[in-house]
$ cat query_39.cif   # mmCIF, C-alpha atoms
data_input
loop_
_atom_site.group_PDB
_atom_site.id
_atom_site.type_symbol
_atom_site.label_atom_id
_atom_site.label_comp_id
_atom_site.auth_asym_id
_atom_site.auth_seq_id
_atom_site.Cartn_x
_atom_site.Cartn_y
_atom_site.Cartn_z
ATOM 1 C CA ILE A 1 -4.028 -16.129 -10.314
ATOM 2 C CA GLY A 2 -7.036 -17.473 -12.206
ATOM 3 C CA ILE A 3 -8.573 -14.028 -12.789
ATOM 4 C CA LEU A 4 -5.472 -12.806 -14.621
ATOM 5 C CA VAL A 5 -5.117 -16.034 -16.599
ATOM 6 C CA ASN A 6 -8.737 -15.848 -17.734
ATOM 7 C CA ALA A 7 -8.282 -12.244 -18.869
ATOM 8 C CA LEU A 8 -5.157 -13.114 -20.847
ATOM 9 C CA ARG A 9 -6.883 -16.100 -22.429
ATOM 10 C CA GLU A 10 -9.681 -13.801 -23.603
ATOM 11 C CA MET A 11 -7.016 -11.796 -25.430
ATOM 12 C CA GLY A 12 -5.637 -14.872 -27.162
ATOM 13 C CA ALA A 13 -3.003 -16.133 -24.713
ATOM 14 C CA GLU A 14 -2.274 -19.851 -24.551
ATOM 15 C CA ILE A 15 -1.847 -20.661 -20.850
ATOM 16 C CA ALA A 16 -2.217 -24.025 -19.125
ATOM 17 C CA TYR A 17 -2.125 -24.933 -15.441
ATOM 18 C CA THR A 18 0.391 -27.702 -14.805
ATOM 19 C CA GLU A 19 -1.006 -28.623 -11.385
ATOM 20 C CA GLU A 20 -4.033 -27.036 -9.681
ATOM 21 C CA ASP A 21 -6.405 -24.864 -11.712
ATOM 22 C CA GLY A 22 -6.219 -21.218 -10.714
ATOM 23 C CA PHE A 23 -2.697 -21.454 -9.271
ATOM 24 C CA PRO A 24 0.900 -21.494 -10.529
ATOM 25 C CA PRO A 25 2.888 -23.158 -11.939
ATOM 26 C CA LEU A 26 1.786 -22.276 -15.457
ATOM 27 C CA LYS A 27 2.807 -23.349 -18.936
ATOM 28 C CA ILE A 28 2.706 -20.359 -21.288
ATOM 29 C CA THR A 29 3.066 -20.769 -25.045
ATOM 30 C CA GLY A 30 4.206 -17.562 -26.720
ATOM 31 C CA LYS A 31 1.886 -16.042 -29.312
ATOM 32 C CA ALA A 32 0.633 -12.618 -30.370
ATOM 33 C CA LEU A 33 -2.208 -11.245 -28.267
ATOM 34 C CA ARG A 34 -5.088 -9.571 -30.049
ATOM 35 C CA GLY A 35 -6.405 -7.520 -27.124
ATOM 36 C CA GLY A 36 -9.881 -6.144 -27.618
ATOM 37 C CA GLU A 37 -12.479 -5.928 -24.856
ATOM 38 C CA ILE A 38 -12.464 -7.898 -21.609
ATOM 39 C CA GLU A 39 -14.659 -7.820 -18.521
ATOM 40 C CA ILE A 40 -13.262 -8.180 -15.020
ATOM 41 C CA ASP A 41 -14.539 -7.747 -11.455
ATOM 42 C CA GLY A 42 -13.896 -4.292 -10.031
ATOM 43 C CA ASN A 43 -12.634 -5.652 -6.706
ATOM 44 C CA VAL A 44 -9.680 -7.632 -8.082
ATOM 45 C CA SER A 45 -6.100 -6.795 -7.147
ATOM 46 C CA SER A 46 -4.820 -3.625 -8.793
ATOM 47 C CA GLN A 47 -1.664 -5.582 -9.622
ATOM 48 C CA PHE A 48 -3.669 -7.647 -12.124
ATOM 49 C CA ILE A 49 -5.109 -4.482 -13.677
ATOM 50 C CA SER A 50 -1.716 -2.760 -13.825
ATOM 51 C CA ALA A 51 -0.184 -5.783 -15.556
ATOM 52 C CA LEU A 52 -2.893 -5.713 -18.228
ATOM 53 C CA LEU A 53 -2.582 -1.947 -18.702
ATOM 54 C CA LEU A 54 1.179 -2.100 -19.177
ATOM 55 C CA ILE A 55 0.887 -4.512 -22.109
ATOM 56 C CA ALA A 56 -2.253 -2.884 -23.545
ATOM 57 C CA PRO A 57 -0.494 -0.441 -25.932
ATOM 58 C CA GLN A 58 1.341 -3.343 -27.588
ATOM 59 C CA LEU A 59 -1.772 -5.432 -28.299
ATOM 60 C CA GLN A 60 -3.053 -5.738 -31.861
ATOM 61 C CA ASN A 61 -6.396 -4.103 -31.038
ATOM 62 C CA GLY A 62 -5.449 -2.174 -27.925
ATOM 63 C CA LEU A 63 -7.484 -2.980 -24.826
ATOM 64 C CA VAL A 64 -10.742 -2.004 -23.173
ATOM 65 C CA ILE A 65 -11.170 -3.218 -19.590
ATOM 66 C CA LYS A 66 -14.795 -3.166 -18.447
ATOM 67 C CA PHE A 67 -15.231 -3.432 -14.689
ATOM 68 C CA LYS A 68 -18.124 -5.255 -13.066
ATOM 69 C CA GLY A 69 -19.140 -3.507 -9.859
ATOM 70 C CA GLU A 70 -17.223 -0.903 -7.868
ATOM 71 C CA VAL A 71 -13.543 -0.427 -8.717
ATOM 72 C CA THR A 72 -11.884 -0.748 -5.309
ATOM 73 C CA SER A 73 -8.256 0.006 -6.238
ATOM 74 C CA ARG A 74 -8.728 3.063 -8.444
ATOM 75 C CA PRO A 75 -5.821 5.088 -6.909
ATOM 76 C CA TYR A 76 -3.290 2.381 -7.779
ATOM 77 C CA ILE A 77 -4.736 1.953 -11.273
ATOM 78 C CA ASN A 78 -4.457 5.711 -11.812
ATOM 79 C CA MET A 79 -0.842 5.593 -10.654
ATOM 80 C CA THR A 80 -0.108 3.071 -13.406
ATOM 81 C CA LEU A 81 -1.843 5.241 -16.012
ATOM 82 C CA LYS A 82 0.136 8.305 -14.911
ATOM 83 C CA MET A 83 3.402 6.393 -15.102
ATOM 84 C CA MET A 84 2.519 5.230 -18.633
ATOM 85 C CA GLU A 85 1.938 8.858 -19.616
ATOM 86 C CA GLU A 86 5.546 9.603 -18.718
ATOM 87 C CA PHE A 87 6.460 7.303 -21.611
ATOM 88 C CA ARG A 88 3.945 9.001 -23.927
ATOM 89 C CA VAL A 89 1.326 6.264 -23.771
ATOM 90 C CA TYR A 90 -2.211 7.250 -22.837
ATOM 91 C CA GLY A 91 -5.265 5.496 -21.482
ATOM 92 C CA GLN A 92 -8.527 6.979 -20.309
ATOM 93 C CA TRP A 93 -11.467 6.186 -18.095
ATOM 94 C CA GLN A 94 -14.826 5.989 -19.838
ATOM 95 C CA GLY A 95 -17.422 5.457 -17.141
ATOM 96 C CA ASN A 96 -16.533 2.142 -15.495
ATOM 97 C CA SER A 97 -14.101 1.152 -18.245
ATOM 98 C CA ILE A 98 -10.518 1.962 -19.204
ATOM 99 C CA SER A 99 -9.566 2.251 -22.868
ATOM 100 C CA VAL A 100 -5.984 2.045 -24.166
ATOM 101 C CA SER A 101 -5.431 2.193 -27.933
ATOM 102 C CA LYS A 102 -2.543 0.507 -29.770
ATOM 103 C CA GLN A 103 0.487 2.810 -29.465
ATOM 104 C CA SER A 104 4.206 2.762 -28.705
ATOM 105 C CA TYR A 105 6.191 3.599 -25.597
ATOM 106 C CA HIS A 106 8.733 6.423 -26.041
ATOM 107 C CA ARG A 107 11.339 8.126 -23.898
ATOM 108 C CA LYS A 108 10.540 11.603 -22.636
ATOM 109 C CA SER A 109 13.192 12.942 -24.990
ATOM 110 C CA GLU A 110 15.632 11.519 -27.505
ATOM 111 C CA THR A 111 18.556 12.361 -25.224
ATOM 112 C CA ASP A 112 17.095 11.261 -21.890
ATOM 113 C CA TYR A 113 17.662 7.556 -21.214
ATOM 114 C CA THR A 114 17.094 7.764 -17.451
ATOM 115 C CA TYR A 115 13.871 7.156 -15.540
ATOM 116 C CA GLN A 116 14.056 7.599 -11.788
ATOM 117 C CA VAL A 117 11.622 5.406 -9.882
ATOM 118 C CA GLU A 118 10.200 7.161 -6.842
ATOM 119 C CA ALA A 119 10.972 5.850 -3.387
ATOM 120 C CA ASP A 120 8.006 4.151 -1.724
ATOM 121 C CA TRP A 121 5.725 6.349 0.362
ATOM 122 C CA SER A 122 4.067 3.306 1.950
ATOM 123 C CA SER A 123 7.437 2.222 3.341
ATOM 124 C CA ALA A 124 8.147 5.767 4.491
ATOM 125 C CA SER A 125 4.922 5.735 6.521
ATOM 126 C CA TYR A 126 6.538 3.447 9.119
ATOM 127 C CA TRP A 127 9.202 6.078 9.754
ATOM 128 C CA TYR A 128 6.465 8.671 10.090
ATOM 129 C CA ALA A 129 4.899 6.424 12.737
ATOM 130 C CA ILE A 130 8.185 6.180 14.622
ATOM 131 C CA ALA A 131 8.550 9.962 14.408
ATOM 132 C CA ALA A 132 5.000 10.460 15.687
ATOM 133 C CA LEU A 133 5.708 8.299 18.741
ATOM 134 C CA SER A 134 9.083 9.895 19.491
ATOM 135 C CA GLU A 135 9.880 12.841 21.720
ATOM 136 C CA GLU A 136 12.119 14.425 19.091
ATOM 137 C CA THR A 137 12.883 13.627 15.447
ATOM 138 C CA ASP A 138 15.093 14.944 12.665
ATOM 139 C CA LEU A 139 15.194 12.391 9.868
ATOM 140 C CA THR A 140 15.917 12.624 6.138
ATOM 141 C CA ILE A 141 14.465 10.063 3.715
ATOM 142 C CA LYS A 142 15.847 10.161 0.193
ATOM 143 C CA GLY A 143 13.975 9.588 -3.056
ATOM 144 C CA LEU A 144 10.543 10.917 -2.064
ATOM 145 C CA LYS A 145 9.071 13.920 -3.808
ATOM 146 C CA ASN A 146 6.074 16.182 -4.200
ATOM 147 C CA PRO A 147 4.072 16.054 -6.396
ATOM 148 C CA SER A 148 4.125 12.264 -6.470
ATOM 149 C CA LEU A 149 2.456 9.558 -8.541
ATOM 150 C CA GLN A 150 1.652 7.699 -5.323
ATOM 151 C CA GLY A 151 -1.607 8.080 -3.439
ATOM 152 C CA ASP A 152 0.270 7.225 -0.248
ATOM 153 C CA SER A 153 2.149 10.530 -0.501
ATOM 154 C CA ILE A 154 -0.830 11.831 1.509
ATOM 155 C CA THR A 155 1.136 10.393 4.464
ATOM 156 C CA ALA A 156 2.874 13.755 4.815
ATOM 157 C CA ASP A 157 -0.467 15.513 5.306
ATOM 158 C CA VAL A 158 -2.056 12.835 7.496
ATOM 159 C CA PHE A 159 0.823 12.784 9.948
ATOM 160 C CA THR A 160 0.768 16.527 10.557
ATOM 161 C CA PHE A 161 -2.103 15.632 12.911
ATOM 162 C CA PHE A 162 0.344 13.489 14.892
ATOM 163 C CA GLY A 163 2.934 16.243 15.102
ATOM 164 C CA VAL A 164 5.183 15.222 12.208
ATOM 165 C CA ARG A 165 6.292 18.030 9.908
ATOM 166 C CA THR A 166 7.551 17.373 6.376
ATOM 167 C CA GLU A 167 10.023 19.550 4.519
ATOM 168 C CA TYR A 168 10.767 18.751 0.878
ATOM 169 C CA VAL A 169 14.480 19.018 0.198
ATOM 170 C CA ALA A 170 16.565 18.532 -2.937
ATOM 171 C CA ASP A 171 16.922 14.746 -2.752
ATOM 172 C CA GLY A 172 13.958 13.731 -0.598
ATOM 173 C CA ILE A 173 12.173 14.795 2.578
ATOM 174 C CA ARG A 174 13.128 15.888 6.071
ATOM 175 C CA ILE A 175 10.723 15.051 8.892
ATOM 176 C CA THR A 176 10.773 16.708 12.300
ATOM 177 C CA LYS A 177 8.564 16.606 15.384
ATOM 178 C CA ALA A 178 6.026 19.201 16.500
ATOM 179 C CA ARG A 179 3.053 19.139 18.880
ATOM 180 C CA VAL A 180 0.475 16.363 18.545
ATOM 181 C CA LYS A 181 -3.125 17.547 18.171
ATOM 182 C CA ASP A 182 -5.047 16.430 21.237
ATOM 183 C CA GLU A 183 -8.413 15.762 19.626
ATOM 184 C CA HIS A 184 -10.451 13.174 17.750
ATOM 185 C CA PHE A 185 -8.888 11.900 14.497
ATOM 186 C CA GLY A 186 -10.967 11.004 11.454
ATOM 187 C CA PHE A 187 -9.879 10.149 7.936
ATOM 188 C CA ASP A 188 -11.074 8.399 4.766
ATOM 189 C CA PHE A 189 -8.398 5.952 3.575
ATOM 190 C CA SER A 190 -10.121 5.027 0.296
ATOM 191 C CA ASP A 191 -7.254 6.483 -1.756
ATOM 192 C CA CYS A 192 -4.452 5.294 0.535
ATOM 193 C CA PRO A 193 -5.497 2.017 2.223
ATOM 194 C CA ASP A 194 -1.915 0.824 2.693
ATOM 195 C CA ILE A 195 -1.230 3.419 5.398
ATOM 196 C CA ALA A 196 -4.374 2.656 7.422
ATOM 197 C CA GLN A 197 -2.720 0.041 9.655
ATOM 198 C CA THR A 198 0.155 2.398 10.414
ATOM 199 C CA ALA A 199 -2.198 5.213 11.370
ATOM 200 C CA ALA A 200 -4.275 2.815 13.496
ATOM 201 C CA VAL A 201 -1.222 1.842 15.529
ATOM 202 C CA VAL A 202 -0.238 5.492 15.979
ATOM 203 C CA VAL A 203 -3.639 6.683 17.254
ATOM 204 C CA SER A 204 -3.688 3.683 19.591
ATOM 205 C CA ALA A 205 -0.246 4.464 20.996
ATOM 206 C CA LEU A 206 -1.145 8.138 21.462
ATOM 207 C CA SER A 207 -4.546 7.316 23.038
ATOM 208 C CA ILE A 208 -6.372 9.368 20.408
ATOM 209 C CA PRO A 209 -9.971 8.335 19.647
ATOM 210 C CA ALA A 210 -10.394 7.827 15.923
ATOM 211 C CA LEU A 211 -12.848 7.013 13.159
ATOM 212 C CA PHE A 212 -11.382 5.328 10.067
ATOM 213 C CA ASN A 213 -13.411 5.177 6.845
ATOM 214 C CA GLY A 214 -12.611 3.841 3.380
ATOM 215 C CA LEU A 215 -11.358 0.460 4.590
ATOM 216 C CA HIS A 216 -13.397 -1.761 2.253
ATOM 217 C CA THR A 217 -10.323 -3.113 0.428
ATOM 218 C CA LEU A 218 -8.490 -4.073 3.636
ATOM 219 C CA ARG A 219 -10.528 -7.229 4.022
ATOM 220 C CA ILE A 220 -9.201 -8.640 0.726
ATOM 221 C CA LYS A 221 -5.496 -7.917 1.171
ATOM 222 C CA GLU A 222 -2.829 -10.375 2.399
ATOM 223 C CA THR A 223 -5.166 -11.011 5.310
ATOM 224 C CA ASP A 224 -8.387 -9.484 6.593
ATOM 225 C CA ARG A 225 -6.555 -6.433 7.885
ATOM 226 C CA VAL A 226 -9.573 -5.011 9.706
ATOM 227 C CA ALA A 227 -10.051 -8.176 11.761
ATOM 228 C CA ALA A 228 -6.286 -8.449 12.302
ATOM 229 C CA LEU A 229 -6.084 -4.898 13.652
ATOM 230 C CA LYS A 230 -8.946 -5.532 16.067
ATOM 231 C CA THR A 231 -7.339 -8.731 17.378
ATOM 232 C CA GLU A 232 -3.786 -7.458 17.717
ATOM 233 C CA LEU A 233 -4.582 -4.010 19.122
ATOM 234 C CA LYS A 234 -6.628 -5.698 21.837
ATOM 235 C CA LYS A 235 -3.380 -7.345 22.989
ATOM 236 C CA VAL A 236 -2.053 -3.889 23.886
ATOM 237 C CA GLY A 237 -5.259 -2.768 25.582
ATOM 238 C CA VAL A 238 -6.907 -0.932 22.677
ATOM 239 C CA GLU A 239 -10.506 -1.621 21.674
ATOM 240 C CA VAL A 240 -11.512 -1.477 18.013
ATOM 241 C CA GLU A 241 -15.173 -1.376 17.066
ATOM 242 C CA ILE A 242 -15.952 -2.639 13.550
ATOM 243 C CA LEU A 243 -18.870 -0.510 12.362
ATOM 244 C CA ASN A 244 -19.241 -2.067 8.891
ATOM 245 C CA ASP A 245 -17.070 -3.293 5.996
ATOM 246 C CA ASN A 246 -15.890 0.261 5.412
ATOM 247 C CA SER A 247 -15.377 1.777 8.866
ATOM 248 C CA ILE A 248 -13.901 1.186 12.305
ATOM 249 C CA ARG A 249 -13.823 3.206 15.505
ATOM 250 C CA ILE A 250 -10.690 3.077 17.659
ATOM 251 C CA LEU A 251 -11.434 3.889 21.287
ATOM 252 C CA SER A 252 -8.889 5.829 23.285
ATOM 253 C CA GLY A 253 -7.375 4.099 26.262
ATOM 254 C CA LYS A 254 -4.126 3.541 28.061
ATOM 255 C CA LEU A 255 -1.679 1.503 26.007
ATOM 256 C CA SER A 256 -0.497 -1.592 27.866
ATOM 257 C CA LYS A 257 2.320 -4.055 27.362
ATOM 258 C CA ALA A 258 1.373 -6.710 24.824
ATOM 259 C CA SER A 259 -0.225 -9.698 26.527
ATOM 260 C CA GLU A 260 1.261 -12.031 23.903
ATOM 261 C CA PRO A 261 3.289 -11.787 20.672
ATOM 262 C CA ILE A 262 1.820 -9.782 17.805
ATOM 263 C CA LYS A 263 0.698 -12.014 14.957
ATOM 264 C CA THR A 264 1.347 -10.765 11.437
ATOM 265 C CA TYR A 265 -0.913 -13.157 9.505
ATOM 266 C CA GLU A 266 1.802 -13.321 6.827
ATOM 267 C CA ASP A 267 1.160 -9.623 6.192
ATOM 268 C CA HIS A 268 4.215 -7.384 5.797
ATOM 269 C CA ARG A 269 2.295 -4.256 6.770
ATOM 270 C CA MET A 270 1.135 -5.719 10.078
ATOM 271 C CA ALA A 271 4.754 -6.403 11.058
ATOM 272 C CA MET A 272 6.063 -2.957 10.163
ATOM 273 C CA ALA A 273 3.100 -1.012 11.543
ATOM 274 C CA PHE A 274 3.274 -2.708 14.949
ATOM 275 C CA ALA A 275 7.071 -2.346 15.136
ATOM 276 C CA ALA A 276 6.530 1.346 15.923
ATOM 277 C CA LEU A 277 5.016 0.342 19.288
ATOM 278 C CA ALA A 278 8.573 -0.259 20.486
ATOM 279 C CA MET A 279 8.704 3.524 20.920
ATOM 280 C CA LYS A 280 6.085 3.293 23.688
ATOM 281 C CA SER A 281 7.014 -0.025 25.290
ATOM 282 C CA ASP A 282 10.062 -1.735 26.726
ATOM 283 C CA ALA A 283 9.819 -4.247 23.899
ATOM 284 C CA ILE A 284 7.382 -5.632 21.375
ATOM 285 C CA GLU A 285 7.481 -9.226 20.141
ATOM 286 C CA ILE A 286 6.434 -9.764 16.529
ATOM 287 C CA GLU A 287 5.927 -13.144 14.900
ATOM 288 C CA GLN A 288 7.055 -13.952 11.345
ATOM 289 C CA PRO A 289 9.401 -10.960 11.012
ATOM 290 C CA GLU A 290 10.514 -12.256 7.611
ATOM 291 C CA VAL A 291 7.211 -11.154 6.029
ATOM 292 C CA VAL A 292 8.661 -7.665 5.500
ATOM 293 C CA LYS A 293 10.604 -9.104 2.543
ATOM 294 C CA LYS A 294 7.552 -8.556 0.356
ATOM 295 C CA SER A 295 7.965 -4.779 0.226
ATOM 296 C CA TYR A 296 10.810 -3.628 2.514
ATOM 297 C CA PRO A 297 13.405 -6.393 3.006
ATOM 298 C CA GLY A 298 15.852 -4.075 4.770
ATOM 299 C CA PHE A 299 13.344 -2.825 7.341
ATOM 300 C CA TRP A 300 14.789 -4.525 10.420
ATOM 301 C CA GLU A 301 18.362 -3.613 9.479
ATOM 302 C CA ASP A 302 17.319 0.002 8.954
ATOM 303 C CA LEU A 303 15.768 0.000 12.425
ATOM 304 C CA LYS A 304 19.064 -1.239 13.843
ATOM 305 C CA THR A 305 20.950 1.628 12.196
ATOM 306 C CA MET A 306 18.594 4.015 14.003
ATOM 307 C CA GLY A 307 19.424 2.487 17.376
ATOM 308 C CA PHE A 308 16.700 -0.130 17.805
ATOM 309 C CA ILE A 309 17.793 -3.368 19.462
ATOM 310 C CA ILE A 310 16.346 -6.336 17.582
ATOM 311 C CA GLU A 311 16.755 -9.927 18.728
ATOM 312 C CA GLU A 312 15.597 -13.157 17.124
ATOM 313 C CA ILE A 313 13.937 -15.504 19.601
#

$ encode --input "query_39.cif" --output "structure tokens"
Amino acid sequence: IGILVNALREMGAEIAYTEEDGFPPLKITGKALRGGEIEIDGNVSSQFISALLLIAPQLQNGLVIKFKGEVTSRPYINMTLKMMEEFRVYGQWQGNSISVSKQSYHRKSETDYTYQVEADWSSASYWYAIAALSEETDLTIKGLKNPSLQGDSITADVFTFFGVRTEYVADGIRITKARVKDEHFGFDFSDCPDIAQTAAVVVSALSIPALFNGLHTLRIKETDRVAALKTELKKVGVEVEILNDNSIRILSGKLSKASEPIKTYEDHRMAMAFAALAMKSDAIEIEQPEVVKKSYPGFWEDLKTMGFIIEEI
């Protein structure tokens, strides 16, 4: 957490580490933050950037964030900026910087006290995977909409390739099954990296050769997701060729029963992406199932309601 602490200190925050430098726990002494201009690496977690942006309008001098190097999480930063606009607060990109002046948050209208948070498209992607690997599907997911603030809403378009149709209904979406395209799959996941693992599992299960680009941020997530995919897909007979830090090629082949349990590397998305393989196998064993708590704590229970048999071993 050192990167965020350093940025806050530059703005006038009084923060001390009580144990190891760079890690919680922290001692924070409340005081007014002046804001101003800070410089931060472009490859840091978008969660750090979003946190700074959300407080920026309340700072004495507003905030200018100057990025060093390529900004790797731009879609998630833009999602934060768009959400802020819904409360009449505005920031703007200026080259490789974001500027937010001092201003106040406001409701959309004086009579509207309600803000509905969108359901999570990343979480919905696992149901798209299950639909893609099923013979027949008719499933409604509430709370999703189009247009959406979320880059991962591209899931609906991506999965048309795998025979999943999306219909937008009054309170969400309805997904049904159509024919899978029997051809090479290629996609750039730069704007939606969180659905890359799910798509990788699907093309593997359907024996579709694929080229994935835009994966540069996957190596700095909860684990090195590119290396994890290569290792775990090999357990089910699928070869992954790592071309560079940005791209992989998934070779088509016959899916086999997992030679050993699937490791999750403490990564919630590994667990949920590989769970879909149960559609093409008698069973799939996944280690550390509790990791789903990070983003979708009810995932396993929701699978049970859909007829999946889940046992703890």

$ resolve_selection --input "query_39.cif" --expression "the PyMOL selection byres ((chain A and resi 166) around 10)" --output "ChimeraX atom specification"
/A:128,139-140,155-157,159-160,163-165,167-169,173-177

$ residues_near_point --input "query_39.cif" --point "(-5.2, -11.1, 5.7)" --cutoff "12 Å" --atoms "only C-alpha atoms" --output "list in words"
Thr217, Leu218, Arg219, Ile220, Lys221, Glu222, Thr223, Asp224, Arg225, Val226, Ala227, Ala228, Leu229, Lys263, Thr264, Tyr265, Glu266, Asp267, His268, Arg269 and Met270 of chain A

$ residues_around --input "query_39.cif" --residues "range 53-70 of chain A" --least-positions-apart "3" --cutoff "12 Å" --atoms "only C-alpha atoms" --output "MDAnalysis selection string"
chainID A and resid 4 7:8 10:13 31:44 46:50 73:74 76:85 87:106 216:217

$ resolve_selection --input "query_39.cif" --expression "the PyMOL selection byres ((chain A and resi 141-151) around 6)" --output "list in words"
Met79, Glu118, Ala119, Thr140, Asp152, Ser153, Asp171, Gly172, Ile173 and Cys192 of chain A

$ closest_residue --input "query_39.cif" --among "A:Ser45, A:Thr114, A:Ser259, A:Gln197" --to "Lys230 in chain A" --atoms "all atoms listed in the file"
A:Gln197

$ closest_residue --input "query_39.cif" --among "A:Glu135, A:Glu232, A:Asp188, A:Glu285" --to "Ser247 in chain A" --atoms "all atoms listed in the file"
A:Asp188

$ closest_residue --input "query_39.cif" --among "A:Gly214, A:Lys294, A:Trp300, A:Val201" --to "Leu255 in chain A" --atoms "only C-alpha atoms"
A:Val201

$ closest_residue --input "query_39.cif" --among "A:Ile195, A:Phe299, A:Pro209, A:Gln288" --to "Ile313 in chain A" --atoms "all atoms listed in the file"
A:Gln288

$ resolve_selection --input "query_39.cif" --expression "the PyMOL selection byres ((chain A and resi 202) around 8)" --output "PyMOL selection string"
chain A and resi 129+132-133+198-201+203-206+276

$ axis_aligned_box --input "query_39.cif" --around "range 57-63 of chain A" --padding-each-side "6 Å" --output "JSON"
{"center_x": -3.1, "center_y": -3.1, "center_z": -28.3, "size_x": 20.8, "size_y": 17.3, "size_z": 19.0}

$ closest_residue --input "query_39.cif" --among "A:Asn246, A:Gly22, A:Ile130, A:Phe212" --to "Met279 in chain A" --atoms "only C-alpha atoms"
A:Ile130

$ atom_distance --input "query_39.cif" --atom1 "CA of Ser125 in chain A" --atom2 "CA of Ala273 in chain A"
8.6 Å

$ atom_distance --input "query_39.cif" --atom1 "CA of Phe162 in chain A" --atom2 "CA of Ala283 in chain A"
22.0 Å

$ residues_around --input "query_39.cif" --residues "Val238 in chain A" --least-positions-apart "6" --cutoff "8 Å" --atoms "all atoms listed in the file" --output "PyMOL selection string"
chain A and resi 204+250-255

$ atom_distance --input "query_39.cif" --atom1 "CA of Phe189 in chain A" --atom2 "CA of Gly237 in chain A"
23.9 Å

$ decode --input "query_39.cif" --residues "range 10-22 of chain A" --atoms "N, CA and C atoms" --output "PDB file, in the first residue's frame"
ATOM      1  N   GLU A  10       2.101  13.249  -0.077  1.00  0.00           N
ATOM      2  CA  GLU A  10       2.421  14.396  -0.931  1.00  0.00           C
ATOM      3  C   GLU A  10       1.338  15.462  -0.857  1.00  0.00           C
ATOM      4  N   MET A  11       0.101  15.027  -0.577  1.00  0.00           N
ATOM      5  CA  MET A  11      -1.016  15.966  -0.505  1.00  0.00           C
ATOM      6  C   MET A  11      -1.221  16.517   0.899  1.00  0.00           C
ATOM      7  N   GLY A  12      -0.359  16.120   1.826  1.00  0.00           N
ATOM      8  CA  GLY A  12      -0.437  16.666   3.174  1.00  0.00           C
ATOM      9  C   GLY A  12      -0.936  15.712   4.230  1.00  0.00           C
ATOM     10  N   ALA A  13      -1.179  14.453   3.882  1.00  0.00           N
ATOM     11  CA  ALA A  13      -1.684  13.486   4.864  1.00  0.00           C
ATOM     12  C   ALA A  13      -0.593  13.107   5.859  1.00  0.00           C
ATOM     13  N   GLU A  14      -1.012  12.845   7.083  1.00  0.00           N
ATOM     14  CA  GLU A  14      -0.091  12.392   8.127  1.00  0.00           C
ATOM     15  C   GLU A  14      -0.369  10.915   8.385  1.00  0.00           C
ATOM     16  N   ILE A  15       0.455  10.052   7.816  1.00  0.00           N
ATOM     17  CA  ILE A  15       0.258   8.603   7.888  1.00  0.00           C
ATOM     18  C   ILE A  15       1.559   7.957   8.343  1.00  0.00           C
ATOM     19  N   ALA A  16       1.447   7.048   9.308  1.00  0.00           N
ATOM     20  CA  ALA A  16       2.627   6.337   9.808  1.00  0.00           C
ATOM     21  C   ALA A  16       2.369   4.839   9.757  1.00  0.00           C
ATOM     22  N   TYR A  17       3.392   4.075   9.404  1.00  0.00           N
ATOM     23  CA  TYR A  17       3.303   2.618   9.469  1.00  0.00           C
ATOM     24  C   TYR A  17       3.575   2.193  10.909  1.00  0.00           C
ATOM     25  N   THR A  18       2.726   1.323  11.439  1.00  0.00           N
ATOM     26  CA  THR A  18       2.924   0.876  12.818  1.00  0.00           C
ATOM     27  C   THR A  18       3.769  -0.390  12.906  1.00  0.00           C
ATOM     28  N   GLU A  19       3.952  -1.067  11.771  1.00  0.00           N
ATOM     29  CA  GLU A  19       4.797  -2.266  11.758  1.00  0.00           C
ATOM     30  C   GLU A  19       5.773  -2.174  10.587  1.00  0.00           C
ATOM     31  N   GLU A  20       5.492  -2.864   9.490  1.00  0.00           N
ATOM     32  CA  GLU A  20       6.419  -2.886   8.357  1.00  0.00           C
ATOM     33  C   GLU A  20       6.105  -1.767   7.373  1.00  0.00           C
ATOM     34  N   ASP A  21       7.134  -1.032   6.948  1.00  0.00           N
ATOM     35  CA  ASP A  21       6.947   0.028   5.970  1.00  0.00           C
ATOM     36  C   ASP A  21       6.347  -0.524   4.680  1.00  0.00           C
ATOM     37  N   GLY A  22       5.360   0.198   4.165  1.00  0.00           N
ATOM     38  CA  GLY A  22       4.725  -0.200   2.916  1.00  0.00           C
ATOM     39  C   GLY A  22       3.508  -1.081   3.080  1.00  0.00           C
TER      40      GLY A  22
END
